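Coordinates from data.txt are shown below (compact mmCIF, C-alpha atoms).
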```txt
# COMPACT_ATOMS: atom_id res chain seq x y z
CA MET A 607 43.88 47.82 155.90
CA GLU A 608 40.85 46.91 153.83
CA ARG A 609 38.28 49.47 152.79
CA ALA A 610 35.47 47.01 153.58
CA ARG A 611 36.72 46.86 157.17
CA CYS A 612 36.83 50.68 157.38
CA LEU A 613 33.26 50.90 156.12
CA GLU A 614 32.20 48.29 158.67
CA VAL A 615 33.77 50.36 161.46
CA ILE A 616 31.88 53.53 160.56
CA TYR A 617 28.66 51.98 159.25
CA PRO A 618 26.70 52.37 162.53
CA GLU A 619 27.57 56.07 162.51
CA LEU A 620 26.14 56.58 159.03
CA THR A 621 22.48 55.95 159.88
CA ASP A 622 21.62 59.63 160.48
CA LYS A 623 23.93 61.21 157.90
CA LEU A 624 23.71 61.83 154.17
CA VAL A 625 26.20 59.58 152.45
CA VAL A 626 27.49 59.96 148.89
CA THR A 627 29.73 57.16 147.69
CA ILE A 628 31.73 56.69 144.52
CA MET A 629 31.20 53.81 142.15
CA GLY A 630 32.58 50.32 142.00
CA ALA A 631 34.01 48.44 144.93
CA CYS A 632 33.30 51.17 147.47
CA ALA A 633 29.62 51.42 146.49
CA GLN A 634 29.25 47.65 146.54
CA GLU A 635 30.90 47.23 149.92
CA LEU A 636 28.65 49.89 151.46
CA TYR A 637 25.60 48.29 149.85
CA ASN A 638 26.63 44.88 151.18
CA LEU A 639 26.66 46.23 154.73
CA GLY A 640 23.04 47.22 154.28
CA ASP A 641 21.46 49.57 151.77
CA ARG A 642 19.78 52.65 153.26
CA ASP A 643 17.58 55.48 151.99
CA ASN A 644 20.17 58.06 153.06
CA PHE A 645 22.81 56.61 150.69
CA PHE A 646 23.49 57.94 147.20
CA TYR A 647 25.63 55.75 144.97
CA LEU A 648 27.38 57.75 142.25
CA GLN A 649 27.90 54.95 139.78
CA HIS A 650 29.63 57.07 137.17
CA ALA A 651 30.77 60.70 136.70
CA MET A 652 34.03 60.03 138.51
CA GLY A 653 35.29 62.88 140.64
CA LEU A 654 31.96 64.46 141.45
CA ALA A 655 31.03 62.77 144.73
CA SER A 656 32.59 65.61 146.71
CA SER A 657 30.89 68.22 144.49
CA ILE A 658 27.52 66.60 145.22
CA GLY A 659 28.55 66.61 148.87
CA LEU A 660 29.29 70.33 148.70
CA GLY A 661 25.91 71.01 147.08
CA LEU A 662 24.21 69.09 149.90
CA ALA A 663 26.31 70.66 152.65
CA LYS A 664 25.73 74.25 151.54
CA HIS A 665 21.97 73.81 151.36
CA LEU A 666 21.43 71.55 154.37
CA PRO A 667 23.40 73.17 157.20
CA ASP A 668 21.74 70.98 159.84
CA GLU A 669 22.80 67.71 158.20
CA LYS A 670 26.14 65.94 158.36
CA ILE A 671 27.34 64.95 154.90
CA VAL A 672 29.77 62.07 154.39
CA VAL A 673 31.52 61.64 151.05
CA LEU A 674 33.20 58.29 150.40
CA ASP A 675 35.75 58.98 147.69
CA GLY A 676 38.76 57.27 146.14
CA ASP A 677 42.18 58.27 144.88
CA GLY A 678 41.28 57.65 141.24
CA SER A 679 38.14 59.77 141.51
CA VAL A 680 39.79 62.61 143.42
CA LEU A 681 42.62 62.71 140.88
CA MET A 682 40.01 63.32 138.18
CA ASN A 683 38.73 66.40 139.98
CA LEU A 684 41.52 67.84 142.10
CA GLY A 685 39.91 71.26 141.77
CA THR A 686 37.18 70.06 144.11
CA LEU A 687 39.57 70.27 147.07
CA THR A 688 40.14 73.94 146.32
CA THR A 689 36.41 74.59 146.00
CA LEU A 690 35.78 72.79 149.31
CA ALA A 691 38.56 74.81 150.92
CA ARG A 692 37.12 78.07 149.61
CA TYR A 693 33.65 77.42 151.01
CA GLN A 694 34.66 75.40 154.09
CA PRO A 695 31.40 73.52 154.62
CA GLY A 696 31.62 72.69 158.32
CA ASN A 697 29.16 69.82 157.99
CA LEU A 698 31.12 67.89 155.37
CA VAL A 699 33.44 64.95 156.02
CA HIS A 700 35.38 63.91 152.94
CA ILE A 701 36.83 60.42 153.25
CA ILE A 702 39.28 59.39 150.52
CA PHE A 703 40.11 55.70 150.33
CA ASP A 704 43.54 55.64 148.74
CA ASN A 705 44.33 52.21 147.34
CA GLY A 706 46.78 53.52 144.75
CA SER A 707 44.81 51.77 142.11
CA LEU A 708 42.08 52.13 139.51
CA LEU A 709 40.71 48.90 140.94
CA SER A 710 37.31 48.83 139.27
CA THR A 711 38.78 49.24 135.81
CA GLY A 712 41.48 46.60 135.83
CA GLY A 713 43.59 47.49 138.83
CA PHE A 714 46.05 49.73 137.04
CA ALA A 715 48.25 51.79 139.30
CA SER A 716 47.03 55.30 140.06
CA HIS A 717 49.39 58.24 140.53
CA THR A 718 49.38 57.71 144.31
CA THR A 719 50.78 54.17 144.10
CA SER A 720 54.42 55.08 144.36
CA GLY A 721 53.84 57.27 147.39
CA VAL A 722 55.16 60.29 145.51
CA THR A 723 51.77 61.96 145.30
CA ASP A 724 50.32 62.65 148.74
CA LEU A 725 46.59 63.41 148.65
CA ALA A 726 46.58 64.55 152.28
CA ALA A 727 49.28 67.10 151.44
CA ILE A 728 47.27 68.23 148.42
CA ALA A 729 44.19 68.72 150.61
CA LYS A 730 46.30 70.70 153.10
CA GLY A 731 47.82 72.76 150.33
CA ALA A 732 44.35 73.44 148.93
CA GLY A 733 43.50 75.03 152.25
CA VAL A 734 41.75 72.33 154.27
CA GLU A 735 42.85 72.66 157.89
CA HIS A 736 41.66 69.34 159.29
CA VAL A 737 43.35 66.59 157.31
CA ALA A 738 44.12 63.16 158.76
CA THR A 739 45.81 60.10 157.32
CA ALA A 740 44.86 56.66 158.64
CA VAL A 741 46.71 53.42 158.08
CA ASN A 742 44.76 51.09 160.37
CA PRO A 743 41.06 50.69 161.26
CA LEU A 744 41.50 52.05 164.79
CA GLN A 745 43.14 55.23 163.50
CA PHE A 746 40.50 55.48 160.81
CA GLY A 747 37.62 55.10 163.24
CA GLU A 748 39.08 57.71 165.57
CA ALA A 749 39.69 60.17 162.73
CA VAL A 750 36.11 59.77 161.51
CA ILE A 751 34.58 60.21 164.98
CA GLU A 752 36.68 63.34 165.52
CA ALA A 753 35.55 64.66 162.16
CA PHE A 754 31.88 63.98 162.99
CA GLU A 755 32.21 65.86 166.27
CA ARG A 756 34.04 68.79 164.69
CA ASP A 757 32.08 71.63 163.13
CA ALA A 758 34.63 72.13 160.37
CA LEU A 759 35.46 70.64 156.99
CA SER A 760 37.49 67.46 157.43
CA VAL A 761 39.40 65.34 154.95
CA ILE A 762 40.52 61.83 155.90
CA VAL A 763 42.85 59.89 153.66
CA ALA A 764 42.63 56.17 154.44
CA LYS A 765 45.42 54.03 153.04
CA VAL A 766 43.79 50.78 151.97
CA GLN A 767 44.69 47.69 149.99
CA ALA A 768 43.62 47.40 146.38
CA VAL A 769 41.00 44.72 146.99
CA GLY A 770 37.26 44.70 146.43
CA PRO A 771 34.22 42.47 146.77
CA ASP A 772 33.96 39.11 144.97
CA LYS A 773 30.62 39.87 143.41
CA PHE A 774 28.99 42.99 142.07
CA GLY A 775 25.28 43.69 141.82
CA MET A 776 22.76 46.01 143.39
CA ASP A 777 18.98 45.91 143.24
CA LEU A 778 18.63 49.64 142.79
CA ALA A 779 18.06 51.43 139.49
CA LEU A 780 19.99 54.68 139.28
CA PRO A 781 17.03 57.09 138.93
CA GLU A 782 15.33 55.18 141.75
CA ASN A 783 18.34 55.94 143.94
CA ALA A 784 18.06 59.64 143.07
CA PHE A 785 14.30 59.78 143.78
CA ARG A 786 14.69 57.89 147.02
CA PHE A 787 17.58 60.02 148.25
CA ARG A 788 15.71 63.25 147.52
CA ARG A 789 12.55 61.96 149.18
CA TYR A 790 14.51 60.91 152.28
CA ILE A 791 15.89 64.45 152.61
CA ARG A 792 12.49 66.07 152.02
CA GLU A 793 10.77 63.87 154.61
CA LYS A 794 13.51 64.50 157.14
CA LYS A 795 13.20 68.26 156.57
CA ASN A 796 9.42 68.07 156.96
CA LYS A 797 9.75 66.14 160.22
CA SER A 798 12.17 68.68 161.64
CA LEU A 799 9.80 71.50 160.64
CA GLU A 800 6.95 69.81 162.53
CA LYS A 801 8.98 69.74 165.72
CA MET D 1073 38.21 96.76 126.71
CA THR D 1074 35.89 93.76 126.56
CA LEU D 1075 34.27 94.63 129.87
CA LEU D 1076 32.93 97.89 128.56
CA SER D 1077 30.80 96.18 125.94
CA VAL D 1078 29.03 93.80 128.34
CA SER D 1079 25.51 95.11 128.85
CA TYR D 1080 25.06 96.35 132.40
CA GLU D 1081 21.34 96.91 131.97
CA ASN D 1082 20.60 93.54 130.41
CA SER D 1083 22.77 91.74 132.97
CA LYS D 1084 20.55 93.35 135.59
CA VAL D 1085 17.45 92.15 133.78
CA VAL D 1086 18.83 88.59 133.63
CA PHE D 1087 19.73 88.69 137.31
CA GLU D 1088 16.28 89.94 138.26
CA GLY D 1089 14.81 87.20 136.08
CA ILE D 1090 16.82 84.61 137.99
CA LYS D 1091 15.54 85.97 141.30
CA ALA D 1092 11.96 86.21 140.03
CA ALA D 1093 12.12 82.55 138.96
CA GLY D 1094 12.56 81.66 142.63
CA ILE D 1095 16.21 80.65 142.29
CA ARG D 1096 18.02 80.80 145.63
CA SER D 1097 21.31 79.21 144.73
CA VAL D 1098 23.68 79.58 141.78
CA SER D 1099 26.85 77.76 140.80
CA ALA D 1100 29.12 79.46 138.34
CA LEU D 1101 32.48 79.91 136.76
CA PRO D 1102 33.32 83.51 135.86
CA GLU D 1103 33.14 84.50 132.20
CA THR D 1104 33.32 87.97 130.65
CA TRP D 1105 29.67 88.15 129.60
CA LEU D 1106 28.63 87.05 133.10
CA ILE D 1107 30.71 89.61 134.95
CA HIS D 1108 27.90 91.99 135.99
CA LEU D 1109 25.59 89.10 136.71
CA LEU D 1110 28.11 87.44 139.01
CA GLN D 1111 28.85 90.74 140.71
CA ARG D 1112 25.18 91.04 141.57
CA ALA D 1113 25.02 87.44 142.70
CA GLU D 1114 28.02 88.00 144.98
CA ASP D 1115 26.42 91.10 146.50
CA ASP D 1116 23.02 89.49 147.04
CA MET D 1117 22.82 88.14 150.58
CA ASP D 1118 19.72 86.04 149.83
CA LEU D 1119 21.44 84.12 147.06
CA GLU D 1120 23.90 81.31 147.66
CA LEU D 1121 26.68 81.64 145.08
CA ILE D 1122 29.18 78.82 144.67
CA GLU D 1123 32.04 79.50 142.30
CA VAL D 1124 33.83 76.43 140.99
CA ALA D 1125 37.28 75.70 139.65
CA LYS D 1126 35.87 73.82 136.65
CA GLU D 1127 32.31 73.60 135.34
CA GLU D 1128 32.00 69.85 135.84
CA GLU D 1129 31.97 70.47 139.59
CA ALA D 1130 28.92 72.69 139.15
CA ILE D 1131 26.93 69.73 137.78
CA GLY D 1132 27.67 67.85 141.00
CA ILE D 1133 26.80 70.87 143.13
CA ALA D 1134 23.54 71.30 141.20
CA ALA D 1135 22.70 67.65 141.91
CA GLY D 1136 23.36 68.22 145.61
CA ALA D 1137 21.15 71.33 145.60
CA TYR D 1138 18.40 69.39 143.84
CA PHE D 1139 18.54 66.60 146.41
CA ALA D 1140 18.40 69.28 149.10
CA GLY D 1141 15.27 70.75 147.49
CA GLU D 1142 16.88 74.11 146.80
CA PRO D 1143 16.04 75.91 143.51
CA HIS D 1144 19.39 76.09 141.75
CA LEU D 1145 20.72 77.50 138.49
CA LEU D 1146 24.05 77.14 136.68
CA LEU D 1147 25.91 79.97 134.98
CA MET D 1148 28.71 79.15 132.58
CA GLN D 1149 30.24 79.80 129.19
CA ASN D 1150 29.59 77.37 126.35
CA HIS D 1151 33.19 76.12 126.57
CA GLY D 1152 32.57 75.36 130.22
CA PHE D 1153 29.51 73.42 129.20
CA LEU D 1154 31.63 71.45 126.73
CA ALA D 1155 34.07 70.70 129.56
CA ALA D 1156 31.22 69.42 131.73
CA ILE D 1157 29.58 67.04 129.27
CA ASN D 1158 30.46 63.79 131.01
CA ALA D 1159 28.82 65.04 134.19
CA VAL D 1160 25.77 66.24 132.28
CA VAL D 1161 25.42 62.82 130.67
CA SER D 1162 26.58 60.47 133.42
CA LEU D 1163 25.13 62.27 136.41
CA ALA D 1164 22.21 64.49 135.35
CA GLN D 1165 20.81 62.50 132.45
CA LEU D 1166 21.66 59.09 133.89
CA TYR D 1167 19.93 59.74 137.21
CA GLY D 1168 17.16 62.08 136.02
CA ILE D 1169 18.46 65.18 137.76
CA PRO D 1170 17.25 68.54 136.42
CA LEU D 1171 19.75 71.23 135.44
CA CYS D 1172 18.75 74.77 134.56
CA MET D 1173 21.77 76.09 132.66
CA LEU D 1174 22.28 79.67 131.52
CA ILE D 1175 25.08 79.46 128.99
CA ALA D 1176 26.98 82.41 127.50
CA PHE D 1177 26.91 81.61 123.80
CA ARG D 1178 30.33 82.83 122.76
CA GLY D 1179 32.04 82.25 119.44
CA HIS D 1180 29.12 82.88 117.11
CA TRP D 1181 27.80 85.66 114.85
CA GLY D 1182 29.91 88.77 115.39
CA GLU D 1183 32.55 87.06 117.52
CA PRO D 1184 35.85 88.94 117.14
CA TYR D 1185 37.98 86.49 119.16
CA PRO D 1186 39.31 83.49 117.22
CA TRP D 1187 39.65 81.29 120.33
CA HIS D 1188 35.90 81.28 120.94
CA THR D 1189 34.87 80.32 117.44
CA ARG D 1190 35.23 76.52 117.26
CA GLY D 1191 33.29 76.00 120.48
CA GLY D 1192 30.68 78.49 119.36
CA ILE D 1193 30.17 76.84 116.00
CA ILE D 1194 29.54 73.38 117.47
CA THR D 1195 27.57 74.30 120.61
CA GLU D 1196 24.08 73.92 119.16
CA GLU D 1197 24.87 70.61 117.46
CA VAL D 1198 26.33 69.23 120.70
CA LEU D 1199 23.20 70.27 122.61
CA ARG D 1200 21.06 68.57 119.94
CA ALA D 1201 23.20 65.43 120.00
CA LEU D 1202 22.77 65.24 123.78
CA GLY D 1203 19.01 65.76 123.52
CA ILE D 1204 19.16 68.88 125.64
CA PRO D 1205 16.32 71.29 124.93
CA PHE D 1206 17.54 74.85 124.40
CA GLU D 1207 16.32 78.36 123.58
CA TYR D 1208 18.06 81.60 122.68
CA ALA D 1209 17.80 84.60 124.98
CA LYS D 1210 18.00 87.70 122.79
CA ASP D 1211 15.35 90.10 124.00
CA PRO D 1212 15.62 91.71 127.45
CA ASP D 1213 11.83 91.98 127.60
CA LYS D 1214 11.48 88.21 127.30
CA VAL D 1215 14.45 86.81 129.18
CA ALA D 1216 12.84 86.69 132.63
CA LYS D 1217 10.00 84.57 131.27
CA GLN D 1218 12.50 82.36 129.45
CA ILE D 1219 14.46 81.75 132.63
CA ARG D 1220 11.31 80.89 134.56
CA GLU D 1221 10.20 78.53 131.80
CA ALA D 1222 13.64 76.91 131.54
CA TYR D 1223 13.60 76.20 135.27
CA THR D 1224 10.03 74.86 135.15
CA PHE D 1225 10.83 72.59 132.22
CA SER D 1226 14.02 71.25 133.82
CA GLN D 1227 12.02 70.29 136.91
CA SER D 1228 9.14 68.66 135.05
CA SER D 1229 11.34 66.78 132.57
CA LEU D 1230 14.03 65.87 135.15
CA SER D 1231 16.49 66.84 132.48
CA PRO D 1232 19.16 69.40 131.66
CA VAL D 1233 17.76 72.46 129.91
CA ALA D 1234 19.86 75.27 128.39
CA LEU D 1235 19.11 78.93 127.79
CA LEU D 1236 21.76 80.39 125.49
CA LEU D 1237 22.63 83.98 126.38
CA THR D 1238 23.38 85.58 123.01
CA ARG D 1239 25.48 88.56 121.93
CA ASP D 1240 22.28 90.55 121.19
CA LEU D 1241 21.42 90.33 124.88
CA MET D 1242 24.78 90.42 126.59
CA GLU D 1243 26.64 93.12 124.67
CA ASP D 1244 25.75 96.76 124.17
```
Can the structure in the file be given as structure tokens, please?
Amino acid sequence: MERARCLEVIYPELTDKLVVTIMGACAQELYNLGDRDNFFYLQHAMGLASSIGLGLAKHLPDEKIVVLDGDGSVLMNLGTLTTLARYQPGNLVHIIFDNGSLLSTGGFASHTTSGVTDLAAIAKGAGVEHVATAVNPLQFGEAVIEAFERDALSVIVAKVQAVGPDKFGMDLALPENAFRFRRYIREKKNKSLEK
Amino acid sequence: MTLLSVSYENSKVVFEGIKAAGIRSVSALPETWLIHLLQRAEDDMDLELIEVAKEEEAIGIAAGAYFAGEPHLLLMQNHGFLAAINAVVSLAQLYGIPLCMLIAFRGHWGEPYPWHTRGGIITEEVLRALGIPFEYAKDPDKVAKQIREAYTFSQSSLSPVALLLTRDLMED
């Protein structure tokens, strides 16, 4: 299964949610599907996408937050799963694309490559009740839809191949992304207050 | 033994200063000098307290709170700050995200514990090297104003700002 295909499957569902994606191939593939104001691309600070997601989820209870993470990033901040489990943000869906590789930095094997380390089991052990593993796009799509409908923290580990886009490049300066993302949230809040 | 020397009164003053600054959300990792402060934060129903496993997470949470438009403050020890530097640099400074950090300045003048000393000795130089503006909170009569000003400056400069909580303030 390719991550780009997974993103394509869920892309139409992301229009009304706040999306935080990790750097590299995942960010580029999401961008290639169509950049949106409700997307935040964390182009560095590996491991913190889910922490940003938690900060959003705790302060915006009416929003659905989607974190697009990777095995390499999660391995840099395993504590985040325990913090998520402690606070159980019901509006957060944490998707971990596990390609067993540090693809964006030379494709070296990550600790999950051999299959010994099981991120889904780690999430379970951390205390997350709703954990799914997907190995094909149909399974993935179903797991994501279930997670969106559920009012409880969900972690989905998607087993994907270690492949990425041919070309990299985004017309979006990093501070611009931050300003835009914040403005999108503010305007959405203001609109809901008017109603 | 250590707990007894942490100032209950001044912790209360700092907490009230945080509330008076309009802060509604705090991320933190427990530290001895922060014990009374965190106890108050836990007991305060109007304040969202998120305790992390490692301080780097708190930088991400602070970014999320900022995007959400929620006034947020970080509480940590200076060694926790040192552990969070990549996030401070590559999330907050890179994207222009404000951070209002209250940092327990351990390992300096009067420090009896050897394990705090190296981190304490280099804290100010690290803050300077990172271009992070900082002040020392020593006087309970001034700390509320300092917290308010730290928050204001972080928001206007879109930058991390640090208020160092010193031994004069935090211990009796």
So how many Å separate atom CA of Gly653 of chain A and atom CA of Val680 of chain A, to one decimal?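 According to the coordinates, atom CA of Gly653 of chain A and atom CA of Val680 of chain A are separated by 5.3 Å.
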Select, counting all atoms listed in the file, all protein, DNA and RNA residues no farther than 10 Å from (37.5, 49.2, 158.1) in file coordinates, and express the selection as an MDAnalysis selection string. chainID A and resid 607:617 742:747 764 766
Limited to C-alpha atoms, could you put the picked residues into a file as an mmCIF file, in the coordinates of the input?
```cif
data_model
loop_
_atom_site.group_PDB
_atom_site.id
_atom_site.type_symbol
_atom_site.label_atom_id
_atom_site.label_comp_id
_atom_site.auth_asym_id
_atom_site.auth_seq_id
_atom_site.Cartn_x
_atom_site.Cartn_y
_atom_site.Cartn_z
ATOM 1 C CA MET A 607 43.880 47.820 155.900
ATOM 2 C CA GLU A 608 40.850 46.910 153.830
ATOM 3 C CA ARG A 609 38.280 49.470 152.790
ATOM 4 C CA ALA A 610 35.470 47.010 153.580
ATOM 5 C CA ARG A 611 36.720 46.860 157.170
ATOM 6 C CA CYS A 612 36.830 50.680 157.380
ATOM 7 C CA LEU A 613 33.260 50.900 156.120
ATOM 8 C CA GLU A 614 32.200 48.290 158.670
ATOM 9 C CA VAL A 615 33.770 50.360 161.460
ATOM 10 C CA ILE A 616 31.880 53.530 160.560
ATOM 11 C CA TYR A 617 28.660 51.980 159.250
ATOM 12 C CA ASN A 742 44.760 51.090 160.370
ATOM 13 C CA PRO A 743 41.060 50.690 161.260
ATOM 14 C CA LEU A 744 41.500 52.050 164.790
ATOM 15 C CA GLN A 745 43.140 55.230 163.500
ATOM 16 C CA PHE A 746 40.500 55.480 160.810
ATOM 17 C CA GLY A 747 37.620 55.100 163.240
ATOM 18 C CA ALA A 764 42.630 56.170 154.440
ATOM 19 C CA VAL A 766 43.790 50.780 151.970
#
```
For chain D, which of A:Ala651, A:Ala738, A:Ile671, A:Ile762 is the closest residue, counting all atoms listed in the file? A:Ala651
Interface, chain A side, toward chain D (7 Å; all atoms listed in the file) as a PyMOL selection string: chain A and resi 650-651+654+657-662+665-666+685-686+689+780-781+784+787-788+791
Using only C-alpha atoms, which protein or nucleic acid residues come within 8 Å of segment 619-630 of chain A? Drop anything in the same chain fewer than 2 positions from it, and give the result as a list of chain:residue names.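 Near neighbours after the sequence-gap exclusion: A:Ile616, A:Tyr617, A:Cys632, A:Ala633, A:Gln634, A:Arg642, A:Asn644, A:Phe645, A:Phe646, A:Tyr647, A:Leu648, A:Gln649, A:His650, A:Met652, A:Ala655, A:Ser656, A:Ile658, A:Gly659, A:Glu669, A:Lys670, A:Ile671, A:Val672, A:Val673, A:Leu674, A:Asp675, A:Gly676, A:Ser679, A:Ser710.
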Take the selection from the previous step and output its residues with C-alpha atoms, as a short mmCIF file (atom, residue, chain, number, x, y, z; two decimals), keeping the file's coordinate frame.
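Output below, filename part-v7.cif:
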```cif
data_model
loop_
_atom_site.label_atom_id
_atom_site.label_comp_id
_atom_site.auth_asym_id
_atom_site.auth_seq_id
_atom_site.Cartn_x
_atom_site.Cartn_y
_atom_site.Cartn_z
CA ILE A 616 31.88 53.53 160.56
CA TYR A 617 28.66 51.98 159.25
CA CYS A 632 33.30 51.17 147.47
CA ALA A 633 29.62 51.42 146.49
CA GLN A 634 29.25 47.65 146.54
CA ARG A 642 19.78 52.65 153.26
CA ASN A 644 20.17 58.06 153.06
CA PHE A 645 22.81 56.61 150.69
CA PHE A 646 23.49 57.94 147.20
CA TYR A 647 25.63 55.75 144.97
CA LEU A 648 27.38 57.75 142.25
CA GLN A 649 27.90 54.95 139.78
CA HIS A 650 29.63 57.07 137.17
CA MET A 652 34.03 60.03 138.51
CA ALA A 655 31.03 62.77 144.73
CA SER A 656 32.59 65.61 146.71
CA ILE A 658 27.52 66.60 145.22
CA GLY A 659 28.55 66.61 148.87
CA GLU A 669 22.80 67.71 158.20
CA LYS A 670 26.14 65.94 158.36
CA ILE A 671 27.34 64.95 154.90
CA VAL A 672 29.77 62.07 154.39
CA VAL A 673 31.52 61.64 151.05
CA LEU A 674 33.20 58.29 150.40
CA ASP A 675 35.75 58.98 147.69
CA GLY A 676 38.76 57.27 146.14
CA SER A 679 38.14 59.77 141.51
CA SER A 710 37.31 48.83 139.27
#
```
Leaving out Thr1189 of chain D and any residue of its chain fewer than 4 positions from it, which residues lie within 7 Å of it when counting only C-alpha atoms, given as JSON, numbers by chain? {"D": [1179, 1180, 1193]}
Could you tell me which of D:Met1117, D:Pro1186, D:Ala1234, D:Ser1228 comes closest to Glu1207 of chain D if we count all atoms listed in the file? D:Ala1234
Given all atoms listed in the file as the counted atoms, nearest of D:Asp1211, D:Pro1143, D:Phe1225, D:Leu1236 to Met1173 of chain D: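 Selected residue with least distance to Met1173 of chain D: D:Leu1236.
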List as number ranges by chain: which residues have an atom within 12 Å of (53.9, 58.5, 151.5), counting all atoms listed in the file? A: 704, 706, 717-727, 739-741, 763-765
To one decimal place, how far is atom CA of Leu709 of chain A from atom CA of Phe754 of chain A in Å?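 Those two atoms sit 28.1 Å apart.
Shortest atom-to-atom contact with Gly696 of chain A among A:Pro618, A:Pro667, A:Gly640, A:Gly731: A:Pro667, counting only C-alpha atoms.
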Residues within 12 Å of Phe1087 of chain D, please, as a short mmCIF file (atom, residue, chain, number, x, y, z; two decimals) with C-alpha atoms, keeping the file's coordinate frame. Count all atoms listed in the file; anything in the same chain fewer than 5 positions from it doesn't count.
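Okay, part18.cif is ready:
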```
data_model
loop_
_atom_site.label_atom_id
_atom_site.label_comp_id
_atom_site.auth_asym_id
_atom_site.auth_seq_id
_atom_site.Cartn_x
_atom_site.Cartn_y
_atom_site.Cartn_z
CA TYR D 1080 25.06 96.35 132.40
CA GLU D 1081 21.34 96.91 131.97
CA ASN D 1082 20.60 93.54 130.41
CA ALA D 1092 11.96 86.21 140.03
CA ALA D 1093 12.12 82.55 138.96
CA GLY D 1094 12.56 81.66 142.63
CA ILE D 1095 16.21 80.65 142.29
CA ARG D 1096 18.02 80.80 145.63
CA VAL D 1098 23.68 79.58 141.78
CA LEU D 1106 28.63 87.05 133.10
CA ILE D 1107 30.71 89.61 134.95
CA HIS D 1108 27.90 91.99 135.99
CA LEU D 1109 25.59 89.10 136.71
CA LEU D 1110 28.11 87.44 139.01
CA GLN D 1111 28.85 90.74 140.71
CA ARG D 1112 25.18 91.04 141.57
CA ALA D 1113 25.02 87.44 142.70
CA GLU D 1114 28.02 88.00 144.98
CA ASP D 1115 26.42 91.10 146.50
CA ASP D 1116 23.02 89.49 147.04
CA LEU D 1119 21.44 84.12 147.06
CA LEU D 1145 20.72 77.50 138.49
CA LEU D 1147 25.91 79.97 134.98
CA LEU D 1174 22.28 79.67 131.52
CA PRO D 1212 15.62 91.71 127.45
CA VAL D 1215 14.45 86.81 129.18
CA ALA D 1216 12.84 86.69 132.63
CA ILE D 1219 14.46 81.75 132.63
CA ARG D 1220 11.31 80.89 134.56
CA MET D 1242 24.78 90.42 126.59
#
```
Atom CA of Pro1232 of chain D and atom CA of Gly1203 of chain D, how far apart in Å?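 These atoms are spaced 8.9 Å apart.
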Can you list, as a VMD selection string, every protein, DNA or RNA residue that comes within 12 Å of Ser1079 of chain D when you count only C-alpha atoms, leaving out same-chain residues fewer than 4 positions away? chain D and resid 1074 to 1075 1083 to 1086 1104 to 1109 1212 1237 to 1244
